[in-house]
Structure formats: C-alpha cells, structure tokens
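Asker: Please find one structure pasted underneath; my questions will follow.
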Amino acid sequence: SESSINMTTIKVAVGSKNPCKIEAVRRAFEQMMISSDDVKIVISSHNVPSGVADQPFGDEETRAGAKNRALAAYNAACETEDRPDFAVGLEGGLDKVLHEKHEELWCMAWMAIVGSNSTKCTSAKAEDDDYCAVGGESKSLVWGYAKTGSFLLPPALCDLVLNKNMELGHADDVVFKRVNSKHGSGTVGVLTKGEIDRTEYYVHALKLALIPWIRPQLYFDSEATWTL
C-alpha cells in the first residue's frame, strides 16, 4: 500500500534473547519514539556477552555490562543486516549495603542505549526542542543511560547469593520453586504478586535512558547557548 511505502522504520538491536527484555524494549520505544502513524519499530535480538560476572555487583559493573551488551548487539546487527538506529543493553545487578551491621542486597538494573544524533533517531524529540539533526556521514554515536528503582531482597535470597554464590535468578528458582524465572516475571514479579513484572520493571528505566533523544538540544548540541 502507499502508506507502507512511506513508513519510517526505526531498527533497534537488543543485546539479549530474553523475551522479558525484548518486550520491555519494544514497549519503551513504541511509547517514546513513535512520532507519527508512519513510524514503525523493528527489533532484532542478539545473544551477546555482558563482559562482566554472571551476577554483577554495584553500579559500575552492572552499568558496564549493559554498555557492553549494547555495543555487542550493535556490532552483531551490523554483521547480519543493515546498521541499526539504536542498540540496547539491559543488565540486572545487586547492590551490597551494610545497614546496622547487617549486609543487605538490593536488586536493580542498568539500561544502556546507543544511537546517533541523526534525523531519524531524534525524530520524536520534544516540540519545543530546537535541535538541528546531523545528516550524512557526520553522524556520531551517542549514549543514554538509566537505572531502575531498587528494592531490598528477602533474607532467604540474600543468603543463597552471598553465602552459596548463586546468581539471583537461580536463587529465585530455588526459593520460589520455579524454573527459569529470569525469562518470566522475575524476582520483582513474584515479590510484588505480579503487580510489577520484570518487563514493566525495565520499561520505566528504558524510557529514562531515551531522554537524550527526546531532548537532543540539551544533550547533543555543544553549540547551544542559554540566555539568563
């Protein structure tokens, strides 16, 4: 049809085959990056390494895992198909916190999104953003990051992770007698009685990581001047 000929396709490579993560990326991009009816989000998924431990601890390691996944997904997509417009890495991690002489574990995740300052990538920018996108070969790769909310893990899970060296997903399967919960509702899903599942938990942070493309003038425009 004539409308499909004029469709703009935004290609997004995800550094995971996990259906929860893929769906979270789809939702975030469809809600944030579709500026008109003729824009379509097309997602490819890639099984790539995080380059960090299977169970990352702390912001630095977890964020690095997300960034590594995004870059690896970008490169994998370039090898198998056209260059993607965006690539996304999602990495779950744990924070160790010493509180009143007790070691606590807090669950969180980092999002890393790499895209460009092109017209297509900034097509959903805010109406009052005056950024002039860069065309042709002068495009450069730019990054967006965000972190989910964090929540305290119960003692049973903390014990398995800290004292039995289990990854959280495996500890979750043991405590809640489940199989492969990482590909289902996740720990956050079972703890909140399904009110916040793993996909929804990621969506909010992914939207925050997309802010630079919604406000590109503030993030990408080094020439911008602000009058006081």
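Labeling convention for the structure tokens: chains A, B, ... as they appear, residues from 1 per chain, ligands from 1 in order of appearance.
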Env of range 80-86 of chain A: 7 Å cut, atoms = only C-alpha atoms, seq-sep filter 5 positions within chain, self excluded. Answer as an MDAnalysis selection string.

Answerer: chainID A and resid 10:13 74 113:115 121

Asker: Write a file of the just-selected residues containing all heavy atoms, as a tab-separated table (two decimals), in the first residue's frame.

Answerer:
chain	number	residue	atom	x	y	z
A	10	ILE	N	12.41	2.34	12.39
A	10	ILE	CA	13.49	2.54	13.37
A	10	ILE	C	13.93	1.17	13.82
A	10	ILE	O	13.16	0.42	14.43
A	10	ILE	CB	13.01	3.40	14.56
A	10	ILE	CG1	12.69	4.82	14.08
A	10	ILE	CG2	14.08	3.44	15.66
A	10	ILE	CD1	12.16	5.75	15.16
A	11	LYS	N	15.18	0.82	13.48
A	11	LYS	CA	15.69	-0.52	13.79
A	11	LYS	C	16.43	-0.50	15.13
A	11	LYS	O	17.32	0.33	15.34
A	11	LYS	CB	16.63	-1.00	12.68
A	11	LYS	CG	15.93	-1.18	11.33
A	11	LYS	CD	16.80	-1.90	10.33
A	11	LYS	CE	17.94	-1.05	9.84
A	11	LYS	NZ	17.51	0.01	8.91
A	12	VAL	N	16.02	-1.42	16.01
A	12	VAL	CA	16.59	-1.49	17.35
A	12	VAL	C	17.17	-2.88	17.59
A	12	VAL	O	16.46	-3.88	17.49
A	12	VAL	CB	15.51	-1.19	18.42
A	12	VAL	CG1	16.13	-1.18	19.81
A	12	VAL	CG2	14.80	0.13	18.14
A	13	ALA	N	18.45	-2.96	17.90
A	13	ALA	CA	19.10	-4.23	18.22
A	13	ALA	C	19.18	-4.37	19.74
A	13	ALA	O	19.64	-3.46	20.43
A	13	ALA	CB	20.50	-4.27	17.63
A	74	TYR	N	24.94	-3.94	18.75
A	74	TYR	CA	25.12	-3.04	17.61
A	74	TYR	C	26.03	-3.69	16.56
A	74	TYR	O	25.70	-3.72	15.37
A	74	TYR	CB	25.73	-1.72	18.10
A	74	TYR	CG	25.86	-0.66	17.02
A	74	TYR	CD1	24.81	0.20	16.74
A	74	TYR	CD2	27.04	-0.53	16.28
A	74	TYR	CE1	24.92	1.16	15.75
A	74	TYR	CE2	27.16	0.43	15.29
A	74	TYR	CZ	26.10	1.27	15.03
A	74	TYR	OH	26.21	2.22	14.05
A	113	ILE	N	21.68	2.61	26.13
A	113	ILE	CA	21.17	2.72	24.77
A	113	ILE	C	22.18	3.52	23.95
A	113	ILE	O	22.59	4.62	24.35
A	113	ILE	CB	19.79	3.41	24.72
A	113	ILE	CG1	18.78	2.62	25.55
A	113	ILE	CG2	19.31	3.56	23.27
A	113	ILE	CD1	17.39	3.26	25.62
A	114	VAL	N	22.59	2.96	22.82
A	114	VAL	CA	23.46	3.69	21.91
A	114	VAL	C	22.67	3.98	20.63
A	114	VAL	O	21.94	3.12	20.13
A	114	VAL	CB	24.77	2.93	21.61
A	114	VAL	CG1	24.52	1.60	20.93
A	114	VAL	CG2	25.74	3.79	20.80
A	115	GLY	N	22.76	5.22	20.17
A	115	GLY	CA	22.09	5.63	18.93
A	115	GLY	C	22.93	6.70	18.28
A	115	GLY	O	24.11	6.82	18.58
A	121	CYS	N	16.90	9.28	14.46
A	121	CYS	CA	16.98	8.98	15.88
A	121	CYS	C	16.38	10.08	16.75
A	121	CYS	O	15.91	9.82	17.85
A	121	CYS	CB	18.43	8.74	16.30
A	121	CYS	SG	19.09	7.16	15.72

Asker: With range 185-188 of chain A as the partner and 12 Å as the cut-off, tabulate the residues of range 11-83 of chain A that qualify, each row holding the nearest pair of atoms and their distance in Å to one decimal, using only C-alpha atoms, sorted by chain and rising number, as a tab-separated table.

Answerer:
residue	atom	partner	partner_atom	distance
A:Asn18	CA	A:Gly186	CA	11.3
A:Pro19	CA	A:Ser185	CA	10.4
A:Cys20	CA	A:Ser185	CA	7.8
A:Lys21	CA	A:Ser185	CA	10.9
A:Ala24	CA	A:Ser185	CA	12.0

Asker: Return as a list of chain:residue names the full set of residues in range 93-178 of chain A whose backbone-based DSSP assignment is alpha helix (DSSP H).

Answerer: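 Checking each residue of range 93-178 of chain A, the alpha helix (DSSP H) ones are A:Pro155, A:Ala156, A:Leu157, A:Cys158, A:Asp159, A:Leu160, A:Val161, A:Leu162, A:Asn163, A:Leu168, A:Gly169, A:His170, A:Ala171, A:Asp172, A:Asp173, A:Val174, A:Val175.
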
Asker: Quick one: write out the picked residues with N, CA and C atoms as a JSON list (two decimals), in the first residue's frame?

Answerer:
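To be explicit, this is the file written out as selection-v5.json:
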[["chain", "number", "residue", "atom", "x", "y", "z"],
["A", 155, "PRO", "N", 15.79, -12.10, 53.18],
["A", 155, "PRO", "CA", 16.97, -12.81, 53.70],
["A", 155, "PRO", "C", 17.26, -14.15, 53.01],
["A", 156, "ALA", "N", 16.23, -14.91, 52.67],
["A", 156, "ALA", "CA", 16.46, -16.22, 52.05],
["A", 156, "ALA", "C", 17.23, -16.09, 50.74],
["A", 157, "LEU", "N", 16.87, -15.10, 49.93],
["A", 157, "LEU", "CA", 17.57, -14.88, 48.66],
["A", 157, "LEU", "C", 18.98, -14.34, 48.91],
["A", 158, "CYS", "N", 19.09, -13.42, 49.88],
["A", 158, "CYS", "CA", 20.42, -12.86, 50.21],
["A", 158, "CYS", "C", 21.39, -13.97, 50.60],
["A", 159, "ASP", "N", 20.90, -14.90, 51.41],
["A", 159, "ASP", "CA", 21.75, -15.99, 51.89],
["A", 159, "ASP", "C", 22.29, -16.83, 50.74],
["A", 160, "LEU", "N", 21.42, -17.19, 49.80],
["A", 160, "LEU", "CA", 21.85, -18.03, 48.68],
["A", 160, "LEU", "C", 22.84, -17.30, 47.79],
["A", 161, "VAL", "N", 22.63, -16.00, 47.58],
["A", 161, "VAL", "CA", 23.52, -15.23, 46.71],
["A", 161, "VAL", "C", 24.86, -14.98, 47.40],
["A", 162, "LEU", "N", 24.82, -14.56, 48.66],
["A", 162, "LEU", "CA", 26.05, -14.16, 49.36],
["A", 162, "LEU", "C", 26.85, -15.37, 49.86],
["A", 163, "ASN", "N", 26.15, -16.38, 50.37],
["A", 163, "ASN", "CA", 26.85, -17.50, 51.02],
["A", 163, "ASN", "C", 26.96, -18.74, 50.15],
["A", 168, "LEU", "N", 21.19, -14.48, 41.19],
["A", 168, "LEU", "CA", 19.85, -14.20, 41.73],
["A", 168, "LEU", "C", 18.77, -15.04, 41.05],
["A", 169, "GLY", "N", 18.85, -15.19, 39.73],
["A", 169, "GLY", "CA", 17.82, -15.96, 39.02],
["A", 169, "GLY", "C", 17.73, -17.40, 39.52],
["A", 170, "HIS", "N", 18.89, -18.01, 39.78],
["A", 170, "HIS", "CA", 18.91, -19.39, 40.29],
["A", 170, "HIS", "C", 18.39, -19.44, 41.72],
["A", 171, "ALA", "N", 18.79, -18.45, 42.52],
["A", 171, "ALA", "CA", 18.31, -18.40, 43.91],
["A", 171, "ALA", "C", 16.79, -18.24, 43.94],
["A", 172, "ASP", "N", 16.28, -17.42, 43.05],
["A", 172, "ASP", "CA", 14.83, -17.22, 42.92],
["A", 172, "ASP", "C", 14.14, -18.55, 42.61],
["A", 173, "ASP", "N", 14.70, -19.32, 41.67],
["A", 173, "ASP", "CA", 14.10, -20.61, 41.30],
["A", 173, "ASP", "C", 14.07, -21.57, 42.49],
["A", 174, "VAL", "N", 15.12, -21.52, 43.32],
["A", 174, "VAL", "CA", 15.19, -22.40, 44.49],
["A", 174, "VAL", "C", 14.15, -22.00, 45.54],
["A", 175, "VAL", "N", 14.13, -20.72, 45.90],
["A", 175, "VAL", "CA", 13.25, -20.25, 46.98],
["A", 175, "VAL", "C", 11.77, -20.36, 46.59]]

Asker: Would you mind writing down, as a ChimeraX atom specification, each residue of range 58-209 of chain A that DSSP on the backbone assigns to strand (DSSP E)?

Answerer: /A:86-99,102-116,141-147,151-152

Asker: Which one is closest to Trp106 in chain A: A:Ser150, A:Thr119, A:Asn75, A:Asn68? Count only C-alpha atoms.

Answerer: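 Under the stated criterion, the closest residue is A:Ser150.
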
Asker: Please list as a ChimeraX atom specification every residue within 12 Å of range 196-205 of chain A, counting only C-alpha atoms and excluding residues in the same chain fewer than 3 positions away.

Answerer: /A:18-32,88-92,107-113,144-151,169,181-193,208-211

Asker: Between CA of Phe220 in chain A and CA of Ser123 in chain A, what is the distance, to one decimal in Å?

Answerer: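 CA of Ser123 in chain A lies 14.0 Å from CA of Phe220 in chain A.
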
Asker: Could you give me, as a short mmCIF file (atom, residue, chain, number, x, y, z; two decimals) with C-alpha atoms, in the first residue's frame, the residues within 8 Å of range 130-133 of chain A, counting only C-alpha atoms and dropping anything in the same chain fewer than 3 positions from it?

Answerer:
data_model
loop_
_atom_site.label_atom_id
_atom_site.label_comp_id
_atom_site.auth_asym_id
_atom_site.auth_seq_id
_atom_site.Cartn_x
_atom_site.Cartn_y
_atom_site.Cartn_z
CA ASN A 117 22.32 12.27 16.54
CA SER A 118 20.65 11.67 13.16
CA THR A 119 17.30 13.00 11.95
CA THR A 122 15.82 12.41 17.03
CA GLU A 127 8.16 20.01 20.10
CA PRO A 216 18.74 16.32 21.97
CA GLN A 217 19.43 20.05 22.16
CA ASP A 221 24.21 20.34 20.92
#
